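Step one of this worksheet: look at the structure below.
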Amino acid sequence: MTARPRTAIIAVLLLLATALVAPPAAAQAPAVARFPANFLWGVATSGFQSEGSPPDSNWARYARRGTGGIKDPYGTSVDFRHRYPGDVELARGLGVNVFRTSIEWARVEPRRGVRDARELAYYDDLVRRVRAAGMRPMLTLDHWVYPGWVADQGAWDNPRTSDDWLRNARFLVERYKGQGVLWVTFNEASQYLYRELTYRPMNLGQFATMREALRRTHRSAYDMIHRVDPGAMVTSNVAYGSVLNGLFDAALFNQITDKIDFIGVDYYYGANLENPTAVHSLTGEFWRIDPEPEGLYYVLKNYQRRLPRLPLYIVENGMPTDDGKPRADGYTRADHLRDHLYWVQRAMAEGVKVMGYNHWSLTDNYEWGGYRARFGLYTVDVRTDPSLRRRPTEGVAAYRSVIANRGVERGYVPKRRPGWCSIEDPIATCFGTTPTPPAAYRKAP
Ligand code: BGC
């Protein structure tokens with residue numbers, strides 16, 4: 001080998017080695033600029049999961065049938081239907097300015113064409129209280145639940161369902177228009193499809209029909225909402241799916257990127273070569289997954305790169321515990337909140353347009369089959385405490401203080417050290433463009 005190619009090879013090797021050991025300046029940046037004053041801070045929940053006293057619906061039936069992944073009877077859940085004034089006050093106490101829930105189609109139209117005035121009055125009062133408490137409502141039109149009569153007509157197999165859905169949606173948008181509502185059509189279409197596939201259950205033909213129906217219905221709903229509630233912002237939030245994210249995006253998101261006003265991302269679980277614990281999702285033991293806060297940073301950057309014209313909103317983020325027990329590694333809901341928000345701040349400092357963040361959830365609630373996985377800032381012992389008392393977790397003070405200070409404290413070092421070779425961005429993380437050297441971190445839990 002002549003001297004010149006050898007020098008070139010050495011230079012390339014040196015470059016690679018430098019990349020592996022020395023992260024670029026941006027990656028070493030400490031906690032960054034404050035969140036802007038108009039940032040949207042929220043809490044998120046859904047009607048079926050928290051309200052209790054469920055009317056007939058697909059999910060009331062699945063829970064009653066008790067098959068598949070159903071572990072607990074639905075019972076009362078946290079009785080949000082009757083305790084919402086207190087819960088809205090709890091949200092106000094956090095300092096949030098967005099309150100997300102869903103308006104349950106099964107409640108407001110329990111029989112085809114018949115509206116339930118009492119249930120509508122409940123949602124009217126909820127929206128009124130949310131606004132009076134200084135919050136914007138974020139209203140989901142479909143968080144996976146449809147009325148029993150829709151189930152009886154074949155759910156999404158039947159083309160009528162899309163028309164019925166749009167009629168109900170239009171009625172609700174007319175009712176709550178002009179109030180600064182952030183509208184979500186379908187919550188996590190990929191998970192909606194998956195749950196219907198496994199709980200209803202559906203065959204692959206029905207799956208394809210439902211997928212197409214969600215696509216068409218969302219697209220019409222988007223136009224309808226803009227006609228009826230001009231200036232409103234609309235999305236269908238995506239579930240971030242780690243290794244499966246390509247599939248998750250293919251469920252609906254890829255077909256509607258021209259019909260959303262912001263990218264709504266739900267981020268819970270990431271994975272890297274040091275942290276493959278996301279496999280516990282296969283058995284439903286989500287509390288055994290070790291959070292990967294820096295994954296949110298990569299996910300935000302990736303979606304922003306893909307759709308630079310749109311702002312992002314973290315519509316859901318949270319941490320399940322095992323029935324409220326502390327995690328074995330000592331990582332708390334407060335750590336989880338601060339670490340994730342640190343990475344959001346960093347993404348924003350690097351130009352990602354994030355308009356809001358919702359914590360899932362205000363209180364524990366029915367986690368699609370059971371009460372064991374607990375996500376609440378306020379915990380509630382649904383199975384053992386008939387008084388359904390809301391007890392604050394460490395997350396309450398942490399969230400309140402991050403909101404009040406518009407960010408984590410200056411110089412904050414995330415408690416969880418970034419792992420090596422993250423699925424969220426293999427190029428950056430396997431070849432050393434991030435993370436900050438481990439020595440900079442507190443002892444990783
Ligand atoms: C859903 C919520 C659920 C949460 C935690 C999201 O997929 O939108 O309904 O409770 O994740 O598992």
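Identifiers for the structure tokens are assigned positionally: chains receive A, B, ... in sequence, residues are indexed from 1 per chain, and ligands are indexed from 1 in the order shown.
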Pick out the residues sitting within 12 Å of Thr198 (chain A), and hand them over as a list in words; count only C-alpha atoms, and ignore anything fewer than 6 positions along from it in its own chain. Tyr62, Thr67, Gly68, Gly69, Ile70, Gln191, Tyr192, Leu204, Gln206 and Phe207 of chain A
Quick one: write out the picked residues with N, CA, C and O atoms as a PDB file, in the first residue's frame?
ATOM      1  N   TYR A  62     -66.367  -5.830  26.107  1.00  0.00           N
ATOM      2  CA  TYR A  62     -65.112  -6.597  26.249  1.00  0.00           C
ATOM      3  C   TYR A  62     -64.794  -6.788  27.732  1.00  0.00           C
ATOM      4  O   TYR A  62     -64.381  -7.859  28.171  1.00  0.00           O
ATOM      5  N   THR A  67     -62.567 -11.776  28.672  1.00  0.00           N
ATOM      6  CA  THR A  67     -61.620 -12.689  28.005  1.00  0.00           C
ATOM      7  C   THR A  67     -60.387 -11.924  27.526  1.00  0.00           C
ATOM      8  O   THR A  67     -60.329 -10.701  27.636  1.00  0.00           O
ATOM      9  N   GLY A  68     -59.427 -12.670  26.999  1.00  0.00           N
ATOM     10  CA  GLY A  68     -58.219 -12.038  26.441  1.00  0.00           C
ATOM     11  C   GLY A  68     -57.436 -11.358  27.538  1.00  0.00           C
ATOM     12  O   GLY A  68     -57.158 -11.923  28.585  1.00  0.00           O
ATOM     13  N   GLY A  69     -57.086 -10.103  27.306  1.00  0.00           N
ATOM     14  CA  GLY A  69     -56.237  -9.386  28.269  1.00  0.00           C
ATOM     15  C   GLY A  69     -57.005  -8.759  29.422  1.00  0.00           C
ATOM     16  O   GLY A  69     -56.444  -7.957  30.168  1.00  0.00           O
ATOM     17  N   ILE A  70     -58.282  -9.085  29.587  1.00  0.00           N
ATOM     18  CA  ILE A  70     -59.052  -8.458  30.667  1.00  0.00           C
ATOM     19  C   ILE A  70     -58.711  -9.131  31.995  1.00  0.00           C
ATOM     20  O   ILE A  70     -58.960 -10.327  32.178  1.00  0.00           O
ATOM     21  N   GLN A 191     -53.162   1.520  17.556  1.00  0.00           N
ATOM     22  CA  GLN A 191     -53.574   0.747  18.732  1.00  0.00           C
ATOM     23  C   GLN A 191     -55.075   0.444  18.705  1.00  0.00           C
ATOM     24  O   GLN A 191     -55.517  -0.593  19.199  1.00  0.00           O
ATOM     25  N   TYR A 192     -55.827   1.354  18.120  1.00  0.00           N
ATOM     26  CA  TYR A 192     -57.266   1.130  17.961  1.00  0.00           C
ATOM     27  C   TYR A 192     -57.470  -0.130  17.093  1.00  0.00           C
ATOM     28  O   TYR A 192     -58.211  -1.053  17.455  1.00  0.00           O
ATOM     29  N   LEU A 204     -58.252 -10.462   9.180  1.00  0.00           N
ATOM     30  CA  LEU A 204     -57.421  -9.485   8.471  1.00  0.00           C
ATOM     31  C   LEU A 204     -58.203  -8.666   7.445  1.00  0.00           C
ATOM     32  O   LEU A 204     -57.896  -7.517   7.186  1.00  0.00           O
ATOM     33  N   GLN A 206     -61.327  -7.691   7.848  1.00  0.00           N
ATOM     34  CA  GLN A 206     -62.001  -6.643   8.623  1.00  0.00           C
ATOM     35  C   GLN A 206     -60.998  -5.564   9.051  1.00  0.00           C
ATOM     36  O   GLN A 206     -61.322  -4.375   9.093  1.00  0.00           O
ATOM     37  N   PHE A 207     -59.794  -6.019   9.358  1.00  0.00           N
ATOM     38  CA  PHE A 207     -58.729  -5.086   9.752  1.00  0.00           C
ATOM     39  C   PHE A 207     -58.486  -4.079   8.622  1.00  0.00           C
ATOM     40  O   PHE A 207     -58.442  -2.866   8.845  1.00  0.00           O
TER      41      PHE A 207
END
Going by DSSP on the backbone, which residues of region 93-245 of chain A come out as helix (DSSP H, G or I)? List them as a short mmCIF file (atom, residue, chain, number, x, y, z; two decimals) with C-alpha atoms, in the first residue's frame.
data_model
loop_
_atom_site.label_atom_id
_atom_site.label_comp_id
_atom_site.auth_asym_id
_atom_site.auth_seq_id
_atom_site.Cartn_x
_atom_site.Cartn_y
_atom_site.Cartn_z
CA GLY A 93 -53.54 23.14 40.87
CA LEU A 94 -50.76 21.77 38.67
CA TRP A 105 -70.05 8.69 21.69
CA ALA A 106 -71.72 5.86 23.62
CA ARG A 107 -72.81 8.34 26.32
CA VAL A 108 -74.12 11.10 24.13
CA ALA A 117 -79.50 15.29 27.43
CA ARG A 118 -78.08 14.51 30.86
CA GLU A 119 -74.82 13.21 29.50
CA LEU A 120 -74.52 16.18 27.17
CA ALA A 121 -75.11 18.48 30.13
CA TYR A 122 -72.26 16.70 31.91
CA TYR A 123 -69.86 17.33 29.02
CA ASP A 124 -71.11 20.92 28.71
CA ASP A 125 -70.33 21.48 32.36
CA LEU A 126 -66.96 19.77 32.08
CA VAL A 127 -65.93 22.00 29.17
CA ARG A 128 -67.24 25.06 31.02
CA ARG A 129 -65.26 24.20 34.16
CA VAL A 130 -62.10 23.41 32.22
CA ARG A 131 -62.26 26.81 30.57
CA ALA A 132 -63.19 28.61 33.77
CA GLY A 148 -73.24 -0.88 21.53
CA TRP A 149 -75.62 -0.18 18.63
CA VAL A 150 -72.58 0.52 16.44
CA ALA A 151 -71.06 -2.78 17.55
CA ASP A 152 -74.37 -4.46 16.64
CA ALA A 155 -68.69 -1.65 13.81
CA TRP A 156 -66.26 -0.47 11.12
CA ASP A 157 -67.18 -3.38 8.82
CA PRO A 159 -70.00 1.62 5.81
CA ARG A 160 -72.82 3.26 7.79
CA THR A 161 -70.52 3.54 10.80
CA SER A 162 -68.37 6.17 9.15
CA ASP A 163 -71.47 8.29 8.37
CA ASP A 164 -72.80 7.81 11.89
CA TRP A 165 -69.42 8.73 13.36
CA LEU A 166 -69.19 11.88 11.27
CA ARG A 167 -72.75 12.89 12.17
CA ASN A 168 -71.95 12.58 15.87
CA ALA A 169 -68.62 14.36 15.42
CA ARG A 170 -70.28 17.24 13.60
CA PHE A 171 -72.88 17.57 16.33
CA LEU A 172 -70.13 17.80 18.98
CA VAL A 173 -67.97 20.20 17.03
CA GLU A 174 -71.03 22.47 16.53
CA ARG A 175 -71.64 22.31 20.27
CA TYR A 176 -68.12 23.15 21.42
CA ALA A 189 -55.17 4.52 15.16
CA SER A 190 -52.55 1.76 15.21
CA GLN A 191 -53.57 0.75 18.73
CA TYR A 192 -57.27 1.13 17.96
CA LEU A 193 -56.86 -1.31 15.06
CA TYR A 194 -54.77 -3.67 17.16
CA ARG A 195 -57.24 -3.73 20.06
CA GLU A 196 -60.18 -4.34 17.76
CA LEU A 197 -58.19 -7.08 16.04
CA THR A 198 -57.55 -8.86 19.31
CA TYR A 199 -60.55 -8.03 21.53
CA LEU A 204 -57.42 -9.49 8.47
CA GLY A 205 -60.10 -8.54 5.95
CA GLN A 206 -62.00 -6.64 8.62
CA PHE A 207 -58.73 -5.09 9.75
CA ALA A 208 -58.09 -3.73 6.25
CA THR A 209 -61.67 -2.43 6.01
CA MET A 210 -61.40 -0.68 9.35
CA ARG A 211 -58.06 0.86 8.44
CA GLU A 212 -59.50 2.28 5.25
CA ALA A 213 -62.60 3.53 7.09
CA LEU A 214 -60.44 5.37 9.66
CA ARG A 215 -58.49 6.98 6.84
CA ARG A 216 -61.57 8.21 5.00
CA THR A 217 -63.35 9.25 8.17
CA HIS A 218 -60.40 11.23 9.52
CA ARG A 219 -59.95 13.04 6.23
CA SER A 220 -63.64 14.07 6.13
CA ALA A 221 -63.60 14.97 9.82
CA TYR A 222 -60.61 17.23 9.32
CA ASP A 223 -62.41 19.22 6.62
CA MET A 224 -65.66 19.27 8.58
CA ILE A 225 -63.96 20.58 11.75
CA HIS A 226 -62.28 23.36 9.81
CA ARG A 227 -65.60 24.35 8.26
CA VAL A 228 -67.52 24.32 11.54
CA SER A 242 -40.14 1.71 18.79
CA VAL A 243 -39.01 -1.13 16.45
CA LEU A 244 -42.51 -1.28 15.04
CA ASN A 245 -42.84 2.43 14.42
#
Compute the set of protein, DNA and RNA residues whose minimum atom distance to ligand 1 is at most 8 Å, using only C-alpha atoms and all ligand atoms, and state it as a VMD selection string. chain A and resid 45 to 46 49 143 187 to 188 191 239 266 268 316 318 320 360 to 361 365 to 368 375
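Computed from the coordinates, the CA of Ala232 (chain A) to CA of Val88 (chain A) distance equals 22.4 Å.
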Could you tell me, as a list in words, which residues of region 300-349 of chain A DSSP assigns to strand (DSSP E or B) when given the backbone?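 Of region 300-349 of chain A, the ones in strand (DSSP E or B) are Leu312, Tyr313, Ile314, Val315, Glu316, Thr321, Asp322 and Lys325 of chain A.
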Those residues you just picked out, can you put them in a file as a compact mmCIF listing (two decimals), in the first residue's frame with C-alpha atoms?
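Saved the output as result03.txt:
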# COMPACT_ATOMS: atom_id res chain seq x y z
CA LEU A 312 -45.32 18.82 17.36
CA TYR A 313 -47.35 18.17 20.48
CA ILE A 314 -46.56 15.37 22.92
CA VAL A 315 -50.17 14.33 23.41
CA GLU A 316 -49.28 11.56 25.87
CA THR A 321 -45.94 1.57 38.05
CA ASP A 322 -46.80 -1.89 39.29
CA LYS A 325 -45.46 0.31 44.13
Separation of CA of Pro308 (chain A) from CA of Thr429 (chain A) in Å: 22.1 Å
Proximity of region 260-336 of chain A to region 386-404 of chain A: per-residue shortest pair, 12 Å limit, only C-alpha atoms, as JSON lines:
{"residue": "A:Gly318", "atom": "CA", "partner": "A:Gly395", "partner_atom": "CA", "distance": 10.1}
{"residue": "A:Met319", "atom": "CA", "partner": "A:Gly395", "partner_atom": "CA", "distance": 10.2}
{"residue": "A:Thr321", "atom": "CA", "partner": "A:Thr393", "partner_atom": "CA", "distance": 11.2}
{"residue": "A:Gly324", "atom": "CA", "partner": "A:Thr393", "partner_atom": "CA", "distance": 9.2}
{"residue": "A:Lys325", "atom": "CA", "partner": "A:Thr393", "partner_atom": "CA", "distance": 10.9}
{"residue": "A:Pro326", "atom": "CA", "partner": "A:Thr393", "partner_atom": "CA", "distance": 10.4}
{"residue": "A:Tyr331", "atom": "CA", "partner": "A:Glu394", "partner_atom": "CA", "distance": 10.8}
{"residue": "A:Thr332", "atom": "CA", "partner": "A:Glu394", "partner_atom": "CA", "distance": 7.2}
{"residue": "A:Arg333", "atom": "CA", "partner": "A:Gly395", "partner_atom": "CA", "distance": 5.0}
{"residue": "A:Ala334", "atom": "CA", "partner": "A:Gly395", "partner_atom": "CA", "distance": 4.3}
{"residue": "A:Asp335", "atom": "CA", "partner": "A:Gly395", "partner_atom": "CA", "distance": 8.1}
{"residue": "A:His336", "atom": "CA", "partner": "A:Gly395", "partner_atom": "CA", "distance": 8.4}
Could you write those residues out with N, CA and C atoms, as an mmCIF file, in the first residue's frame?
data_model
loop_
_atom_site.group_PDB
_atom_site.id
_atom_site.type_symbol
_atom_site.label_atom_id
_atom_site.label_comp_id
_atom_site.auth_asym_id
_atom_site.auth_seq_id
_atom_site.Cartn_x
_atom_site.Cartn_y
_atom_site.Cartn_z
ATOM 1 N N GLY A 318 -45.988 9.212 29.869
ATOM 2 C CA GLY A 318 -46.184 8.879 31.278
ATOM 3 C C GLY A 318 -45.499 7.571 31.615
ATOM 4 N N MET A 319 -45.593 7.201 32.886
ATOM 5 C CA MET A 319 -44.875 6.014 33.346
ATOM 6 C C MET A 319 -45.785 5.120 34.191
ATOM 7 N N THR A 321 -46.575 2.294 36.951
ATOM 8 C CA THR A 321 -45.936 1.567 38.051
ATOM 9 C C THR A 321 -46.723 0.277 38.250
ATOM 10 N N GLY A 324 -48.877 0.876 41.755
ATOM 11 C CA GLY A 324 -48.532 2.001 42.640
ATOM 12 C C GLY A 324 -47.270 1.765 43.453
ATOM 13 N N LYS A 325 -46.672 0.581 43.351
ATOM 14 C CA LYS A 325 -45.456 0.312 44.134
ATOM 15 C C LYS A 325 -44.279 1.100 43.534
ATOM 16 N N PRO A 326 -43.334 1.529 44.400
ATOM 17 C CA PRO A 326 -42.151 2.199 43.843
ATOM 18 C C PRO A 326 -41.412 1.249 42.908
ATOM 19 N N TYR A 331 -36.455 4.823 40.448
ATOM 20 C CA TYR A 331 -36.797 5.890 39.495
ATOM 21 C C TYR A 331 -38.264 6.269 39.716
ATOM 22 N N THR A 332 -38.490 7.545 39.992
ATOM 23 C CA THR A 332 -39.849 7.960 40.355
ATOM 24 C C THR A 332 -40.560 8.662 39.195
ATOM 25 N N ARG A 333 -41.838 8.905 39.407
ATOM 26 C CA ARG A 333 -42.606 9.650 38.402
ATOM 27 C C ARG A 333 -42.018 11.063 38.236
ATOM 28 N N ALA A 334 -41.489 11.601 39.323
ATOM 29 C CA ALA A 334 -40.875 12.929 39.244
ATOM 30 C C ALA A 334 -39.623 12.874 38.355
ATOM 31 N N ASP A 335 -38.793 11.832 38.545
ATOM 32 C CA ASP A 335 -37.600 11.684 37.698
ATOM 33 C C ASP A 335 -38.019 11.558 36.234
ATOM 34 N N HIS A 336 -39.040 10.737 36.038
ATOM 35 C CA HIS A 336 -39.516 10.473 34.676
ATOM 36 C C HIS A 336 -39.943 11.769 33.990
#
